[in-house]
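So this block is entry-v1.pdb, PDB, C-alpha atoms and all ligand atoms:
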```pdb
ATOM      1  CA  MET L  25      57.060 -45.559  24.293  1.00  0.00           C
ATOM      2  CA  GLU L  26      58.262 -46.748  20.861  1.00  0.00           C
ATOM      3  CA  LYS L  27      56.803 -50.050  19.563  1.00  0.00           C
ATOM      4  CA  PHE L  28      59.110 -52.857  18.409  1.00  0.00           C
ATOM      5  CA  SER L  29      57.160 -55.114  16.056  1.00  0.00           C
ATOM      6  CA  ASN L  30      59.790 -57.875  16.003  1.00  0.00           C
ATOM      7  CA  LEU L  31      59.419 -58.415  19.773  1.00  0.00           C
ATOM      8  CA  LYS L  32      55.940 -59.884  19.137  1.00  0.00           C
ATOM      9  CA  SER L  33      55.743 -63.551  20.210  1.00  0.00           C
ATOM     10  CA  LYS L  34      59.469 -63.611  21.072  1.00  0.00           C
ATOM     11  CA  LYS L  35      60.379 -65.540  24.221  1.00  0.00           C
ATOM     12  CA  ILE L  36      62.205 -63.221  26.612  1.00  0.00           C
ATOM     13  CA  LEU L  37      63.766 -64.784  29.708  1.00  0.00           C
ATOM     14  CA  ILE L  38      64.277 -62.017  32.264  1.00  0.00           C
ATOM     15  CA  CYS L  39      66.773 -62.876  35.010  1.00  0.00           C
ATOM     16  CA  ILE L  40      66.520 -60.462  37.935  1.00  0.00           C
ATOM     17  CA  THR L  41      69.312 -60.133  40.511  1.00  0.00           C
ATOM     18  CA  GLY L  42      69.374 -58.300  43.829  1.00  0.00           C
ATOM     19  CA  GLY L  43      69.964 -54.602  43.327  1.00  0.00           C
ATOM     20  CA  ILE L  44      67.961 -51.527  44.173  1.00  0.00           C
ATOM     21  CA  ALA L  45      66.890 -51.232  40.495  1.00  0.00           C
ATOM     22  CA  VAL L  46      64.686 -54.375  40.697  1.00  0.00           C
ATOM     23  CA  TYR L  47      61.568 -52.192  40.971  1.00  0.00           C
ATOM     24  CA  LYS L  48      62.297 -50.705  37.533  1.00  0.00           C
ATOM     25  CA  ILE L  49      62.181 -54.170  35.960  1.00  0.00           C
ATOM     26  CA  ALA L  50      58.453 -54.448  36.712  1.00  0.00           C
ATOM     27  CA  SER L  51      57.839 -51.669  34.215  1.00  0.00           C
ATOM     28  CA  LEU L  52      60.325 -53.204  31.743  1.00  0.00           C
ATOM     29  CA  VAL L  53      58.396 -56.510  31.922  1.00  0.00           C
ATOM     30  CA  ASN L  54      55.218 -54.569  31.153  1.00  0.00           C
ATOM     31  CA  HIS L  55      56.782 -52.975  28.093  1.00  0.00           C
ATOM     32  CA  PHE L  56      57.768 -56.399  26.716  1.00  0.00           C
ATOM     33  CA  LEU L  57      54.224 -57.651  27.320  1.00  0.00           C
ATOM     34  CA  LYS L  58      52.752 -54.594  25.552  1.00  0.00           C
ATOM     35  CA  ASN L  59      54.990 -55.401  22.561  1.00  0.00           C
ATOM     36  CA  GLY L  60      53.449 -58.888  22.440  1.00  0.00           C
ATOM     37  CA  SER L  61      56.482 -60.765  23.830  1.00  0.00           C
ATOM     38  CA  GLN L  62      56.210 -63.903  25.907  1.00  0.00           C
ATOM     39  CA  VAL L  63      58.048 -63.348  29.186  1.00  0.00           C
ATOM     40  CA  LYS L  64      59.338 -65.659  31.898  1.00  0.00           C
ATOM     41  CA  VAL L  65      61.024 -64.324  35.035  1.00  0.00           C
ATOM     42  CA  ILE L  66      63.707 -65.827  37.255  1.00  0.00           C
ATOM     43  CA  MET L  67      64.718 -64.010  40.460  1.00  0.00           C
ATOM     44  CA  THR L  68      67.637 -64.624  42.804  1.00  0.00           C
ATOM     45  CA  GLN L  69      66.927 -64.810  46.531  1.00  0.00           C
ATOM     46  CA  ALA L  70      68.484 -61.352  46.900  1.00  0.00           C
ATOM     47  CA  ALA L  71      66.183 -59.937  44.184  1.00  0.00           C
ATOM     48  CA  THR L  72      63.135 -61.143  46.141  1.00  0.00           C
ATOM     49  CA  GLU L  73      64.321 -59.019  49.101  1.00  0.00           C
ATOM     50  CA  PHE L  74      63.751 -55.893  46.992  1.00  0.00           C
ATOM     51  CA  VAL L  75      60.456 -56.731  45.233  1.00  0.00           C
ATOM     52  CA  SER L  76      58.209 -59.697  45.937  1.00  0.00           C
ATOM     53  CA  PRO L  77      57.851 -62.298  43.164  1.00  0.00           C
ATOM     54  CA  VAL L  78      54.100 -61.705  43.566  1.00  0.00           C
ATOM     55  CA  THR L  79      54.485 -58.407  41.664  1.00  0.00           C
ATOM     56  CA  PHE L  80      55.948 -60.192  38.646  1.00  0.00           C
ATOM     57  CA  GLN L  81      53.505 -63.104  38.941  1.00  0.00           C
ATOM     58  CA  ALA L  82      50.609 -60.658  38.781  1.00  0.00           C
ATOM     59  CA  LEU L  83      52.054 -58.885  35.731  1.00  0.00           C
ATOM     60  CA  LEU L  84      52.724 -62.170  33.918  1.00  0.00           C
ATOM     61  CA  ASN L  85      49.791 -64.249  35.129  1.00  0.00           C
ATOM     62  CA  ASP L  86      52.425 -66.928  35.475  1.00  0.00           C
ATOM     63  CA  VAL L  87      54.793 -68.408  38.037  1.00  0.00           C
ATOM     64  CA  VAL L  88      58.073 -66.702  38.829  1.00  0.00           C
ATOM     65  CA  TYR L  89      61.059 -69.010  39.210  1.00  0.00           C
ATOM     66  CA  THR L  90      63.266 -68.467  42.265  1.00  0.00           C
ATOM     67  CA  ASP L  91      64.601 -71.780  43.492  1.00  0.00           C
ATOM     68  CA  LEU L  92      66.658 -74.443  41.729  1.00  0.00           C
ATOM     69  CA  PHE L  93      65.133 -77.243  43.789  1.00  0.00           C
ATOM     70  CA  ASP L  94      61.522 -76.018  43.944  1.00  0.00           C
ATOM     71  CA  ILE L  95      60.518 -77.994  40.857  1.00  0.00           C
ATOM     72  CA  LYS L  96      57.156 -76.765  39.550  1.00  0.00           C
ATOM     73  CA  ASN L  97      56.773 -79.532  36.963  1.00  0.00           C
ATOM     74  CA  PRO L  98      58.364 -82.896  37.903  1.00  0.00           C
ATOM     75  CA  ARG L  99      58.094 -84.059  34.286  1.00  0.00           C
ATOM     76  CA  GLU L 100      60.892 -81.743  33.199  1.00  0.00           C
ATOM     77  CA  VAL L 101      64.295 -80.552  34.399  1.00  0.00           C
ATOM     78  CA  GLU L 102      63.335 -76.957  34.974  1.00  0.00           C
ATOM     79  CA  HIS L 103      66.669 -75.185  34.506  1.00  0.00           C
ATOM     80  CA  ILE L 104      67.177 -76.959  31.178  1.00  0.00           C
ATOM     81  CA  SER L 105      63.662 -76.356  29.881  1.00  0.00           C
ATOM     82  CA  LEU L 106      63.827 -72.663  30.847  1.00  0.00           C
ATOM     83  CA  ALA L 107      67.171 -72.352  29.048  1.00  0.00           C
ATOM     84  CA  LYS L 108      65.791 -74.095  25.929  1.00  0.00           C
ATOM     85  CA  TRP L 109      62.619 -71.979  25.971  1.00  0.00           C
ATOM     86  CA  ALA L 110      64.347 -68.595  25.665  1.00  0.00           C
ATOM     87  CA  ASP L 111      64.894 -66.778  22.367  1.00  0.00           C
ATOM     88  CA  ILE L 112      67.020 -64.326  24.317  1.00  0.00           C
ATOM     89  CA  CYS L 113      68.098 -63.909  27.942  1.00  0.00           C
ATOM     90  CA  LEU L 114      68.191 -60.566  29.720  1.00  0.00           C
ATOM     91  CA  VAL L 115      69.965 -60.246  33.074  1.00  0.00           C
ATOM     92  CA  ALA L 116      68.553 -57.022  34.525  1.00  0.00           C
ATOM     93  CA  PRO L 117      69.500 -55.544  36.832  1.00  0.00           C
ATOM     94  CA  ALA L 118      72.751 -57.473  36.931  1.00  0.00           C
ATOM     95  CA  THR L 119      74.607 -57.281  40.246  1.00  0.00           C
ATOM     96  CA  ALA L 120      78.391 -57.255  40.565  1.00  0.00           C
ATOM     97  CA  ASN L 121      78.013 -60.598  42.326  1.00  0.00           C
ATOM     98  CA  THR L 122      76.076 -62.342  39.540  1.00  0.00           C
ATOM     99  CA  ILE L 123      78.274 -60.886  36.778  1.00  0.00           C
ATOM    100  CA  GLY L 124      81.298 -62.280  38.659  1.00  0.00           C
ATOM    101  CA  LYS L 125      79.628 -65.677  38.959  1.00  0.00           C
ATOM    102  CA  ILE L 126      78.688 -65.842  35.264  1.00  0.00           C
ATOM    103  CA  ALA L 127      82.202 -64.760  34.243  1.00  0.00           C
ATOM    104  CA  HIS L 128      83.673 -67.600  36.298  1.00  0.00           C
ATOM    105  CA  GLY L 129      81.223 -70.324  35.344  1.00  0.00           C
ATOM    106  CA  ILE L 130      79.627 -70.498  38.766  1.00  0.00           C
ATOM    107  CA  ALA L 131      76.141 -72.007  38.710  1.00  0.00           C
ATOM    108  CA  ASP L 132      75.010 -72.074  42.342  1.00  0.00           C
ATOM    109  CA  ASN L 133      71.408 -70.914  42.062  1.00  0.00           C
ATOM    110  CA  LEU L 134      68.580 -71.238  39.534  1.00  0.00           C
ATOM    111  CA  LEU L 135      69.473 -68.039  37.669  1.00  0.00           C
ATOM    112  CA  THR L 136      73.183 -68.744  37.193  1.00  0.00           C
ATOM    113  CA  THR L 137      72.460 -72.408  36.370  1.00  0.00           C
ATOM    114  CA  VAL L 138      69.985 -71.412  33.635  1.00  0.00           C
ATOM    115  CA  VAL L 139      72.465 -68.882  32.213  1.00  0.00           C
ATOM    116  CA  MET L 140      75.102 -71.636  32.116  1.00  0.00           C
ATOM    117  CA  ALA L 141      72.642 -74.003  30.384  1.00  0.00           C
ATOM    118  CA  LEU L 142      71.571 -71.593  27.629  1.00  0.00           C
ATOM    119  CA  PRO L 143      72.265 -72.975  24.154  1.00  0.00           C
ATOM    120  CA  GLN L 144      75.289 -71.328  22.523  1.00  0.00           C
ATOM    121  CA  LYS L 145      73.078 -69.599  19.935  1.00  0.00           C
ATOM    122  CA  THR L 146      71.135 -67.719  22.633  1.00  0.00           C
ATOM    123  CA  LYS L 147      72.337 -64.190  23.251  1.00  0.00           C
ATOM    124  CA  ILE L 148      72.681 -62.930  26.813  1.00  0.00           C
ATOM    125  CA  ILE L 149      72.089 -59.234  27.402  1.00  0.00           C
ATOM    126  CA  ILE L 150      73.542 -58.036  30.703  1.00  0.00           C
ATOM    127  CA  VAL L 151      72.334 -54.775  32.236  1.00  0.00           C
ATOM    128  CA  PRO L 152      74.573 -53.932  35.208  1.00  0.00           C
ATOM    129  CA  ALA L 153      73.445 -51.525  37.929  1.00  0.00           C
ATOM    130  CA  MET L 154      75.465 -50.767  41.025  1.00  0.00           C
ATOM    131  CA  ASN L 155      77.286 -48.167  43.077  1.00  0.00           C
ATOM    132  CA  THR L 156      79.984 -46.242  41.139  1.00  0.00           C
ATOM    133  CA  GLU L 157      82.857 -47.710  43.159  1.00  0.00           C
ATOM    134  CA  MET L 158      81.592 -51.224  42.457  1.00  0.00           C
ATOM    135  CA  TRP L 159      81.272 -50.400  38.747  1.00  0.00           C
ATOM    136  CA  ASN L 160      84.799 -48.918  38.639  1.00  0.00           C
ATOM    137  CA  ASN L 161      86.350 -51.810  40.553  1.00  0.00           C
ATOM    138  CA  PRO L 162      89.003 -53.410  38.318  1.00  0.00           C
ATOM    139  CA  ILE L 163      87.685 -56.856  39.250  1.00  0.00           C
ATOM    140  CA  MET L 164      84.329 -55.828  37.789  1.00  0.00           C
ATOM    141  CA  LYS L 165      86.034 -54.594  34.604  1.00  0.00           C
ATOM    142  CA  ASN L 166      88.008 -57.851  34.310  1.00  0.00           C
ATOM    143  CA  ASN L 167      84.836 -59.885  34.678  1.00  0.00           C
ATOM    144  CA  ILE L 168      83.097 -57.860  31.951  1.00  0.00           C
ATOM    145  CA  ASN L 169      86.102 -58.121  29.621  1.00  0.00           C
ATOM    146  CA  GLU L 170      86.218 -61.855  30.228  1.00  0.00           C
ATOM    147  CA  LEU L 171      82.565 -62.210  29.169  1.00  0.00           C
ATOM    148  CA  LYS L 172      82.995 -59.923  26.155  1.00  0.00           C
ATOM    149  CA  LYS L 173      85.465 -62.444  24.724  1.00  0.00           C
ATOM    150  CA  TYR L 174      82.401 -64.557  23.992  1.00  0.00           C
ATOM    151  CA  LYS L 175      80.426 -62.621  21.416  1.00  0.00           C
ATOM    152  CA  ARG L 176      77.019 -63.588  22.725  1.00  0.00           C
ATOM    153  CA  TYR L 177      77.340 -61.537  25.932  1.00  0.00           C
ATOM    154  CA  ILE L 178      76.143 -58.008  25.241  1.00  0.00           C
ATOM    155  CA  PHE L 179      76.395 -55.315  27.895  1.00  0.00           C
ATOM    156  CA  ILE L 180      74.097 -52.342  28.265  1.00  0.00           C
ATOM    157  CA  ASN L 181      76.156 -50.061  30.449  1.00  0.00           C
ATOM    158  CA  PRO L 182      74.752 -48.176  33.418  1.00  0.00           C
ATOM    159  CA  VAL L 183      74.133 -44.445  33.173  1.00  0.00           C
ATOM    160  CA  SER L 184      75.115 -41.493  35.366  1.00  0.00           C
ATOM    161  CA  GLY L 185      72.896 -39.822  37.923  1.00  0.00           C
ATOM    162  CA  LEU L 186      71.994 -39.705  41.592  1.00  0.00           C
ATOM    163  CA  LEU L 187      72.284 -43.249  42.953  1.00  0.00           C
ATOM    164  CA  ALA L 188      70.155 -44.801  45.674  1.00  0.00           C
ATOM    165  CA  CYS L 189      73.147 -44.546  48.048  1.00  0.00           C
ATOM    166  CA  ARG L 190      73.015 -40.741  47.436  1.00  0.00           C
ATOM    167  CA  ASP L 191      76.321 -40.808  45.544  1.00  0.00           C
ATOM    168  CA  GLU L 192      76.352 -39.005  42.209  1.00  0.00           C
ATOM    169  CA  GLY L 193      77.962 -41.002  39.417  1.00  0.00           C
ATOM    170  CA  ILE L 194      77.726 -43.886  36.992  1.00  0.00           C
ATOM    171  CA  GLY L 195      75.758 -46.950  38.089  1.00  0.00           C
ATOM    172  CA  LYS L 196      72.052 -46.418  37.407  1.00  0.00           C
ATOM    173  CA  VAL L 197      70.324 -49.096  35.360  1.00  0.00           C
ATOM    174  CA  ALA L 198      69.919 -48.186  31.668  1.00  0.00           C
ATOM    175  CA  ASP L 199      66.655 -46.746  30.441  1.00  0.00           C
ATOM    176  CA  SER L 200      63.876 -49.275  29.601  1.00  0.00           C
ATOM    177  CA  GLN L 201      63.511 -47.839  26.098  1.00  0.00           C
ATOM    178  CA  ASP L 202      67.229 -48.426  25.386  1.00  0.00           C
ATOM    179  CA  ILE L 203      66.996 -51.984  26.740  1.00  0.00           C
ATOM    180  CA  LEU L 204      63.982 -52.755  24.491  1.00  0.00           C
ATOM    181  CA  LYS L 205      65.778 -51.260  21.484  1.00  0.00           C
ATOM    182  CA  ILE L 206      68.896 -53.418  21.992  1.00  0.00           C
ATOM    183  CA  VAL L 207      66.916 -56.612  22.676  1.00  0.00           C
ATOM    184  CA  SER L 208      64.869 -55.933  19.532  1.00  0.00           C
ATOM    185  CA  LYS L 209      68.062 -55.382  17.481  1.00  0.00           C
ATOM    186  CA  GLU L 210      69.704 -58.567  18.796  1.00  0.00           C
ATOM    187  CA  LEU L 211      66.622 -60.624  17.889  1.00  0.00           C
ATOM    188  CA  LYS L 212      66.701 -59.536  14.231  1.00  0.00           C
TER     189      LYS L 212
HETATM  190  C1  LIG L 301      70.019 -51.881  49.892  1.00  0.00           C
HETATM  191  C2  LIG L 301      70.925 -52.691  49.006  1.00  0.00           C
HETATM  192  C3  LIG L 301      71.094 -52.309  47.706  1.00  0.00           C
HETATM  193  C4  LIG L 301      71.955 -53.039  46.862  1.00  0.00           C
HETATM  194  N1  LIG L 301      72.090 -52.634  45.568  1.00  0.00           N
HETATM  195  C5  LIG L 301      72.948 -53.301  44.777  1.00  0.00           C
HETATM  196  C6  LIG L 301      73.110 -52.872  43.423  1.00  0.00           C
HETATM  197  O1  LIG L 301      72.471 -51.926  42.936  1.00  0.00           O
HETATM  198  N2  LIG L 301      74.014 -53.551  42.657  1.00  0.00           N
HETATM  199  C7  LIG L 301      74.755 -54.598  43.148  1.00  0.00           C
HETATM  200  O2  LIG L 301      75.590 -55.129  42.399  1.00  0.00           O
HETATM  201  N3  LIG L 301      74.576 -55.045  44.410  1.00  0.00           N
HETATM  202  C8  LIG L 301      73.694 -54.422  45.228  1.00  0.00           C
HETATM  203  N4  LIG L 301      73.516 -54.867  46.514  1.00  0.00           N
HETATM  204  C9  LIG L 301      74.275 -56.046  46.984  1.00  0.00           C
HETATM  205  C10 LIG L 301      73.633 -57.352  46.491  1.00  0.00           C
HETATM  206  O3  LIG L 301      72.280 -57.450  46.930  1.00  0.00           O
HETATM  207  C11 LIG L 301      74.461 -58.529  47.009  1.00  0.00           C
HETATM  208  O4  LIG L 301      75.760 -58.507  46.432  1.00  0.00           O
HETATM  209  C12 LIG L 301      73.791 -59.870  46.742  1.00  0.00           C
HETATM  210  O5  LIG L 301      74.622 -60.909  47.215  1.00  0.00           O
HETATM  211  C13 LIG L 301      73.508 -60.082  45.255  1.00  0.00           C
HETATM  212  O6  LIG L 301      72.996 -61.377  45.058  1.00  0.00           O
HETATM  213  P1  LIG L 301      72.541 -61.884  43.628  1.00  0.00           P
HETATM  214  O7  LIG L 301      73.616 -61.514  42.668  1.00  0.00           O
HETATM  215  O8  LIG L 301      72.431 -63.375  43.804  1.00  0.00           O
HETATM  216  O9  LIG L 301      71.219 -61.291  43.311  1.00  0.00           O
HETATM  217  C14 LIG L 301      72.648 -54.186  47.359  1.00  0.00           C
HETATM  218  C15 LIG L 301      72.420 -54.577  48.680  1.00  0.00           C
HETATM  219  C16 LIG L 301      71.578 -53.855  49.500  1.00  0.00           C
HETATM  220  C17 LIG L 301      71.359 -54.313  50.911  1.00  0.00           C
END
```
Rewrite the coordinates I just gave you, this time as structure tokens.
Amino acid sequence: MEKFSNLKSKKILICITGGIAVYKIASLVNHFLKNGSQVKVIMTQAATEFVSPVTFQALLNDVVYTDLFDIKNPREVEHISLAKWADICLVAPATANTIGKIAHGIADNLLTTVVMALPQKTKIIIVPAMNTEMWNNPIMKNNINELKKYKRYIFINPVSGLLACRDEGIGKVADSQDILKIVSKELK
């Protein structure tokens, strides 16, 4: 795996939503840690159905954030401090549902609220992964085009292959190496 020296000490906020590709994000988190990045993880409720937060807690030696109202430190407003902390935000895998919410300004859980609260200077890298029909749905395309109007939303498109649903087509989450490369480039 290629090393990215500028990822060292950078604060990467990884926002995990509920798709089958969640298990691949454990290895992505590890790659950021090996590059010397600081990582915090937020998971939606659906994401925790696929992989337990315990996996990410063990990798990070830190808490994983899942609930808007489960305030770990009463001295701060968690969704705001998480948003301020991040040098960059990575939504991976990004479900059709969460992309739709972000595109329409919906902030109804911790993850979407933090994304809404990110300072304007913070770039948001979105890594969609889903079934081919979901990806090709014109509503999905509209939502992506809507977000692309704001320059700070950067998409890393899914790739083709055999999907978990046994369909062959586009929808698999991008390769970890490509994700690291783009995050590194956007932090320069
Ligand atoms: C087995 C299974 C696999 C799923 N995989 C995906 C997926 O890869 N991409 C996606 O957009 N939704 C997928 N879904 C649907 C999402 O989990 C669902 O839309 C959920 O509401 C997403 O919530 P979230 O965006 O808050 O994480 C899957 C659901 C199940 C049961």
Throw together the list of residues within 7 Å of ligand LIG 301 (chain L), counting all atoms listed in the file, and drop it here as a list in words.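 Checked against 7 Å with all atoms listed in the file; the hits are Thr41, Gly42, Gly43, Ile44, Ala45, Thr68, Gln69, Ala70, Ala71, Ala118, Thr119, Ala120, Asn121, Thr122, Ala153, Met154 and Asn155 of chain L.
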Given all atoms listed in the file as the counted atoms, nearest of L:Thr156, L:Gln144, L:Ser200, L:Asn85 to L:His55: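 Of all the options, L:Ser200 lies closest to L:His55.
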Using all atoms listed in the file, list the residues that have an atom at most 9 Å from (63.8, -58.7, 36.7), coordinates as in the file, as JSON, numbers by chain. {"L": [38, 39, 40, 41, 45, 46, 47, 48, 49, 50, 52, 53, 65, 66, 67, 71, 80, 114, 115, 116, 117]}
Residue nearest L:Thr137 among L:Val87, L:Val207, L:Ala107, L:Ile194 (counting all atoms listed in the file): L:Ala107
Which residues match the PyMOL selection byres (((chain L and resi 97-106) around 12) and not hetatm) in the file above, as a PyMOL selection string? chain L and resi 35-39+63-66+87-96+107-113+131-143
